[in-house]
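Working notes for the structure below.
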Amino acid sequence: MKLVSCSEAGRVFAGWWREARVLDLAAAGRHINEAADLGSMLAIIRGGDGARAALQRIASRSEEFADVWLDAGRLQFLAPIPVPIRNVFCVGRNYVDHVKEGYARAGKEARLPEVPQFFTKATGAVNSPDGEVRLDPRLTRLLDYEVELAVVIGRGGRDIDATRAHEHVFGYTVANDFTARDLQRRHEQWFKGKSLDTTCPLGPCIVERAEIADPARLELSLSVNGEERQRAHAAQMIFDIPTIIAALSAGLTLEPGDIILTGTPAGVGYAMDPPQALRDGDLVVSRIEGIGELRNRIVAVRRA
């Protein structure tokens, strides 16, 4: 299933997105007297095996719900988890060519990380798949893009073994880790430059783990105003998803609904010659095959 969070006339609900329609899952569950809570994405994730079984039953009877299939065009798609339970976890420098382009820009010899480099983005950075990305010229003049594959944790745990990490994955979605590069440098750490409001679009859906047999085979791409800037496969990660989950969960409990961004490939704007900052009006399209795309417009803050 492609699972989405949508809003209609102020009502937020979890849905199953199929072609041009979205099934209101809670309404469908009531129709067949399902006990599982399907009212929100977090409720579904936290519902574990019971919620997944309910989704399967609904899928098998999908044509019974004519009254609760909605036209996708009249809905507002939100981030799949509109309000994350805590900061979004992220991995930096996880594609070889991206590491190399960064060092080359700085005129230094490239050194690959020996362990995953973690940081977080504040929950307020989360944005919808077609949400406007705020550009405040008083804060940054080098806003950049980073398409990333995001992992959504389903079963929590601590000290998770890499060989069993897949059992803790609920599904996958698309992310863009928009970054104020000049703020990164000024503060000499990553959090501030990566946590500005609206700079973490997610979506348009979560694809359940069972439907993506090998996430390493997924292709990521990104364009700015129709010009391709990034293209790679997740197999090019330095640290794969099981390694990331094992390293992050070592001594740190992961919770159902946690979101992990797994790094971006080469082609970012700051490493270009000359550097290419995002500007007011730019359209950034981030795609991952089998999941979908984000379409985010850069909008400059207007001040009196």
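Numbering starts fresh at 1 for the residues of each chain in the structure tokens, the chains themselves are lettered A, B, ... in the order given, and ligands are numbered from 1 as they appear.
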Find the residues around A:Arg57 up to 10 Å (only C-alpha atoms counted), leave out those fewer than 4 positions away in its own chain, and share them as a PyMOL selection string.
chain A and resi 29+32+34+51-53+61-62
Using the selection just defined, write its residues with N, CA and C atoms as a PDB file, in the first residue's frame.
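Listed below is the output, part.pdb:
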```
ATOM      1  N   GLY A  29     -12.458   0.994   7.844  1.00  0.00           N
ATOM      2  CA  GLY A  29     -12.402   0.077   8.986  1.00  0.00           C
ATOM      3  C   GLY A  29     -13.726   0.003   9.731  1.00  0.00           C
ATOM      4  N   ILE A  32     -16.358  -2.286   8.073  1.00  0.00           N
ATOM      5  CA  ILE A  32     -16.261  -3.744   8.248  1.00  0.00           C
ATOM      6  C   ILE A  32     -15.944  -4.112   9.703  1.00  0.00           C
ATOM      7  N   GLU A  34     -13.644  -3.147  11.897  1.00  0.00           N
ATOM      8  CA  GLU A  34     -12.268  -3.402  12.304  1.00  0.00           C
ATOM      9  C   GLU A  34     -12.018  -2.790  13.683  1.00  0.00           C
ATOM     10  N   ALA A  51      -2.626  -3.778  13.095  1.00  0.00           N
ATOM     11  CA  ALA A  51      -2.982  -2.756  12.114  1.00  0.00           C
ATOM     12  C   ALA A  51      -2.642  -3.215  10.704  1.00  0.00           C
ATOM     13  N   ARG A  52      -1.508  -3.881  10.552  1.00  0.00           N
ATOM     14  CA  ARG A  52      -1.132  -4.374   9.214  1.00  0.00           C
ATOM     15  C   ARG A  52      -2.135  -5.410   8.721  1.00  0.00           C
ATOM     16  N   ALA A  53      -2.580  -6.272   9.608  1.00  0.00           N
ATOM     17  CA  ALA A  53      -3.585  -7.277   9.220  1.00  0.00           C
ATOM     18  C   ALA A  53      -4.887  -6.586   8.823  1.00  0.00           C
ATOM     19  N   ARG A  61     -10.935  -6.154   0.286  1.00  0.00           N
ATOM     20  CA  ARG A  61     -12.353  -5.831   0.111  1.00  0.00           C
ATOM     21  C   ARG A  61     -12.526  -4.397  -0.392  1.00  0.00           C
ATOM     22  N   SER A  62     -11.530  -3.900  -1.105  1.00  0.00           N
ATOM     23  CA  SER A  62     -11.471  -2.477  -1.447  1.00  0.00           C
ATOM     24  C   SER A  62     -12.679  -1.981  -2.228  1.00  0.00           C
TER      25      SER A  62
END
```
Write out as a PyMOL selection string all residues of stretch 39-275 of chain A that DSSP puts in alpha helix (DSSP H) for this structure's backbone.
chain A and resi 41-46+48-60+96-106+181-187+191-194+241-249
Output N, CA and C atoms of each residue in that selection to a file, as a short mmCIF file (atom, residue, chain, number, x, y, z; two decimals), in the first residue's frame.
```cif
data_model
loop_
_atom_site.label_atom_id
_atom_site.label_comp_id
_atom_site.auth_asym_id
_atom_site.auth_seq_id
_atom_site.Cartn_x
_atom_site.Cartn_y
_atom_site.Cartn_z
N MET A 41 -1.61 8.08 10.71
CA MET A 41 -0.46 7.28 10.33
C MET A 41 0.27 6.74 11.56
N LEU A 42 0.42 7.57 12.58
CA LEU A 42 1.10 7.09 13.78
C LEU A 42 0.32 5.97 14.45
N ALA A 43 -1.01 6.07 14.45
CA ALA A 43 -1.81 5.00 15.04
C ALA A 43 -1.61 3.69 14.27
N ILE A 44 -1.54 3.78 12.96
CA ILE A 44 -1.32 2.57 12.14
C ILE A 44 0.05 1.98 12.43
N ILE A 45 1.07 2.84 12.48
CA ILE A 45 2.43 2.35 12.73
C ILE A 45 2.51 1.72 14.12
N ARG A 46 1.95 2.39 15.10
CA ARG A 46 2.00 1.86 16.47
C ARG A 46 1.12 0.64 16.65
N GLY A 48 1.12 -1.99 14.92
CA GLY A 48 1.90 -3.20 14.68
C GLY A 48 1.20 -4.21 13.80
N ASP A 49 1.34 -5.47 14.16
CA ASP A 49 0.80 -6.56 13.34
C ASP A 49 -0.71 -6.47 13.20
N GLY A 50 -1.38 -6.03 14.26
CA GLY A 50 -2.84 -5.93 14.18
C GLY A 50 -3.29 -4.92 13.15
N ALA A 51 -2.63 -3.78 13.10
CA ALA A 51 -2.98 -2.76 12.11
C ALA A 51 -2.64 -3.22 10.70
N ARG A 52 -1.51 -3.88 10.55
CA ARG A 52 -1.13 -4.37 9.21
C ARG A 52 -2.14 -5.41 8.72
N ALA A 53 -2.58 -6.27 9.61
CA ALA A 53 -3.59 -7.28 9.22
C ALA A 53 -4.89 -6.59 8.82
N ALA A 54 -5.25 -5.53 9.54
CA ALA A 54 -6.47 -4.79 9.19
C ALA A 54 -6.34 -4.16 7.81
N LEU A 55 -5.17 -3.61 7.50
CA LEU A 55 -4.95 -3.03 6.17
C LEU A 55 -5.07 -4.09 5.08
N GLN A 56 -4.57 -5.26 5.35
CA GLN A 56 -4.67 -6.34 4.35
C GLN A 56 -6.13 -6.74 4.12
N ARG A 57 -6.91 -6.79 5.19
CA ARG A 57 -8.32 -7.12 5.03
C ARG A 57 -9.04 -6.04 4.24
N ILE A 58 -8.72 -4.80 4.51
CA ILE A 58 -9.34 -3.70 3.77
C ILE A 58 -8.95 -3.77 2.30
N ALA A 59 -7.68 -4.05 2.03
CA ALA A 59 -7.22 -4.14 0.63
C ALA A 59 -7.96 -5.24 -0.11
N SER A 60 -8.23 -6.35 0.57
CA SER A 60 -8.90 -7.47 -0.09
C SER A 60 -10.38 -7.19 -0.36
N VAL A 96 29.64 8.10 -1.60
CA VAL A 96 31.06 8.38 -1.86
C VAL A 96 31.23 9.64 -2.69
N ASP A 97 30.50 9.74 -3.79
CA ASP A 97 30.69 10.89 -4.68
C ASP A 97 30.30 12.20 -4.01
N HIS A 98 29.32 12.16 -3.11
CA HIS A 98 28.95 13.37 -2.37
C HIS A 98 30.07 13.77 -1.41
N VAL A 99 30.66 12.79 -0.74
CA VAL A 99 31.80 13.09 0.14
C VAL A 99 32.93 13.72 -0.68
N LYS A 100 33.21 13.15 -1.83
CA LYS A 100 34.31 13.64 -2.66
C LYS A 100 34.05 15.06 -3.15
N GLU A 101 32.80 15.35 -3.55
CA GLU A 101 32.53 16.69 -4.08
C GLU A 101 32.67 17.75 -2.99
N GLY A 102 32.31 17.39 -1.75
CA GLY A 102 32.45 18.33 -0.65
C GLY A 102 33.90 18.66 -0.34
N TYR A 103 34.73 17.62 -0.30
CA TYR A 103 36.15 17.85 -0.03
C TYR A 103 36.81 18.59 -1.19
N ALA A 104 36.40 18.25 -2.42
CA ALA A 104 36.97 18.93 -3.58
C ALA A 104 36.65 20.41 -3.54
N ARG A 105 35.43 20.75 -3.13
CA ARG A 105 35.05 22.15 -3.04
C ARG A 105 35.90 22.88 -2.01
N ALA A 106 36.26 22.17 -0.93
CA ALA A 106 37.08 22.77 0.11
C ALA A 106 38.58 22.69 -0.19
N ARG A 181 23.64 26.24 3.87
CA ARG A 181 25.06 25.90 3.99
C ARG A 181 25.84 26.95 4.76
N ASP A 182 25.50 28.21 4.57
CA ASP A 182 26.24 29.26 5.28
C ASP A 182 25.97 29.22 6.78
N LEU A 183 24.75 28.83 7.18
CA LEU A 183 24.49 28.66 8.61
C LEU A 183 25.27 27.49 9.18
N GLN A 184 25.39 26.41 8.40
CA GLN A 184 26.22 25.28 8.84
C GLN A 184 27.62 25.76 9.19
N ARG A 185 28.20 26.52 8.29
CA ARG A 185 29.58 26.97 8.49
C ARG A 185 29.68 27.95 9.65
N ARG A 186 28.72 28.88 9.73
CA ARG A 186 28.77 29.90 10.76
C ARG A 186 28.68 29.30 12.15
N HIS A 187 27.81 28.30 12.30
CA HIS A 187 27.62 27.68 13.61
C HIS A 187 28.56 26.49 13.85
N PHE A 191 23.07 21.17 12.84
CA PHE A 191 21.67 21.22 13.28
C PHE A 191 20.96 22.50 12.84
N LYS A 192 21.54 23.66 13.12
CA LYS A 192 20.86 24.92 12.84
C LYS A 192 20.61 25.10 11.35
N GLY A 193 21.62 24.83 10.52
CA GLY A 193 21.47 25.03 9.09
C GLY A 193 20.53 24.05 8.42
N LYS A 194 20.17 22.98 9.14
CA LYS A 194 19.29 21.97 8.57
C LYS A 194 17.91 21.92 9.23
N ILE A 241 21.12 0.53 4.93
CA ILE A 241 20.06 0.76 5.92
C ILE A 241 20.21 -0.12 7.15
N PRO A 242 20.49 -1.43 7.04
CA PRO A 242 20.69 -2.22 8.27
C PRO A 242 21.82 -1.69 9.14
N THR A 243 22.92 -1.26 8.51
CA THR A 243 24.04 -0.71 9.28
C THR A 243 23.64 0.58 9.98
N ILE A 244 22.89 1.43 9.28
CA ILE A 244 22.43 2.69 9.88
C ILE A 244 21.55 2.42 11.10
N ILE A 245 20.59 1.52 10.96
CA ILE A 245 19.67 1.23 12.06
C ILE A 245 20.43 0.63 13.25
N ALA A 246 21.35 -0.27 12.96
CA ALA A 246 22.13 -0.89 14.04
C ALA A 246 22.97 0.15 14.77
N ALA A 247 23.63 1.03 14.02
CA ALA A 247 24.49 2.04 14.64
C ALA A 247 23.68 3.06 15.44
N LEU A 248 22.56 3.51 14.87
CA LEU A 248 21.75 4.52 15.54
C LEU A 248 21.12 3.97 16.81
N SER A 249 20.68 2.73 16.77
CA SER A 249 19.96 2.14 17.91
C SER A 249 20.90 1.63 19.00
#
```
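The shortest atom-to-atom distance to A:Phe178, with only C-alpha atoms taken into account, belongs to A:Arg134 out of A:Lys2, A:His233, A:Arg302, A:Arg134.
Residues within 8 Å of A:Leu196, counting only C-alpha atoms and excluding same-chain residues fewer than 4 positions away, are Ala122, Gly124, Ala125 and Lys192 of chain A.
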Resulting file, chosen residues, C-alpha atoms, as a PDB file, in the first residue's frame:
```pdb
ATOM      1  CA  ALA A 122      13.826  19.768  14.214  1.00  0.00           C
ATOM      2  CA  GLY A 124       9.197  22.105  12.789  1.00  0.00           C
ATOM      3  CA  ALA A 125      11.225  21.571   9.625  1.00  0.00           C
ATOM      4  CA  LYS A 192      20.862  24.923  12.841  1.00  0.00           C
TER       5      LYS A 192
END
```
Please provide the set of residues having any atom within 9 Å of A:Ala277, restricted to only C-alpha atoms, with same-chain residues fewer than 2 positions apart removed, written as a ChimeraX atom specification.
/A:141-145,269-270,275,279
Write a file of the just-selected residues containing N, CA and C atoms, as an mmCIF file, in the first residue's frame.
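The resulting file, result18.cif, is shown below:
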```cif
data_model
loop_
_atom_site.group_PDB
_atom_site.id
_atom_site.type_symbol
_atom_site.label_atom_id
_atom_site.label_comp_id
_atom_site.auth_asym_id
_atom_site.auth_seq_id
_atom_site.Cartn_x
_atom_site.Cartn_y
_atom_site.Cartn_z
ATOM 1 N N ARG A 141 22.013 32.819 2.386
ATOM 2 C CA ARG A 141 22.143 33.133 0.968
ATOM 3 C C ARG A 141 22.659 31.925 0.197
ATOM 4 N N LEU A 142 22.675 30.777 0.885
ATOM 5 C CA LEU A 142 23.108 29.553 0.220
ATOM 6 C C LEU A 142 22.225 28.392 0.655
ATOM 7 N N LEU A 143 20.935 28.481 0.289
ATOM 8 C CA LEU A 143 19.991 27.393 0.550
ATOM 9 C C LEU A 143 20.191 26.321 -0.511
ATOM 10 N N ASP A 144 20.327 25.079 -0.062
ATOM 11 C CA ASP A 144 20.679 23.965 -0.950
ATOM 12 C C ASP A 144 19.649 22.848 -0.791
ATOM 13 N N TYR A 145 19.715 21.862 -1.678
ATOM 14 C CA TYR A 145 18.778 20.736 -1.724
ATOM 15 C C TYR A 145 19.538 19.427 -1.487
ATOM 16 N N GLY A 269 24.089 21.794 -4.748
ATOM 17 C CA GLY A 269 24.384 23.097 -5.328
ATOM 18 C C GLY A 269 25.666 23.740 -4.844
ATOM 19 N N TYR A 270 25.989 23.568 -3.547
ATOM 20 C CA TYR A 270 27.159 24.281 -3.021
ATOM 21 C C TYR A 270 28.459 23.747 -3.593
ATOM 22 N N PRO A 275 29.167 27.814 -7.025
ATOM 23 C CA PRO A 275 28.054 27.276 -6.243
ATOM 24 C C PRO A 275 26.714 27.827 -6.725
ATOM 25 N N ARG A 279 16.939 29.907 -5.392
ATOM 26 C CA ARG A 279 16.422 31.272 -5.459
ATOM 27 C C ARG A 279 14.900 31.287 -5.350
#
```
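The spacing separating atom CA of A:Val115 from atom CA of A:Gly263 amounts to 13.2 Å.
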Long-range neighbours of A:Gly290 as an NGL selection string, 12 Å cut-off, only C-alpha atoms, 3 positions minimum in chain:
:A and (1-2 or 149 or 172-174 or 204-209 or 211-215 or 217-220 or 287 or 293)
Include C-alpha atoms and write out the residues we just selected as an mmCIF file, in the first residue's frame.
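File out35.cif, as written:
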```cif
data_model
loop_
_atom_site.group_PDB
_atom_site.id
_atom_site.type_symbol
_atom_site.label_atom_id
_atom_site.label_comp_id
_atom_site.auth_asym_id
_atom_site.auth_seq_id
_atom_site.Cartn_x
_atom_site.Cartn_y
_atom_site.Cartn_z
ATOM 1 C CA MET A 1 0.000 0.000 0.000
ATOM 2 C CA LYS A 2 0.915 3.621 -0.549
ATOM 3 C CA LEU A 149 15.489 7.977 0.900
ATOM 4 C CA TYR A 172 9.958 4.107 3.021
ATOM 5 C CA THR A 173 9.287 7.635 1.815
ATOM 6 C CA VAL A 174 10.959 10.509 -0.072
ATOM 7 C CA PRO A 204 4.012 11.900 -0.837
ATOM 8 C CA CYS A 205 3.377 8.526 0.796
ATOM 9 C CA ILE A 206 4.908 5.743 2.832
ATOM 10 C CA VAL A 207 5.328 2.532 0.872
ATOM 11 C CA GLU A 208 5.164 -0.464 3.180
ATOM 12 C CA ARG A 209 8.356 -2.477 3.641
ATOM 13 C CA GLU A 211 6.328 -3.837 -1.223
ATOM 14 C CA ILE A 212 9.988 -2.843 -1.648
ATOM 15 C CA ALA A 213 11.960 -6.059 -1.708
ATOM 16 C CA ASP A 214 15.369 -4.383 -1.922
ATOM 17 C CA PRO A 215 15.538 -0.670 -1.102
ATOM 18 C CA ARG A 217 17.808 -0.923 -5.893
ATOM 19 C CA LEU A 218 15.779 2.301 -5.665
ATOM 20 C CA GLU A 219 16.841 5.197 -7.875
ATOM 21 C CA LEU A 220 16.855 8.735 -6.489
ATOM 22 C CA ARG A 287 11.879 11.583 -6.958
ATOM 23 C CA GLU A 293 7.921 12.717 -5.883
#
```
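Here atom CA of A:Gly15 is placed at a distance of 16.4 Å from atom CA of A:Gly257.
If only C-alpha atoms are the atoms counted, then among A:Val151, A:Ala216, A:Val88, A:Ile81 the closest residue to A:Gln236 is A:Ala216.
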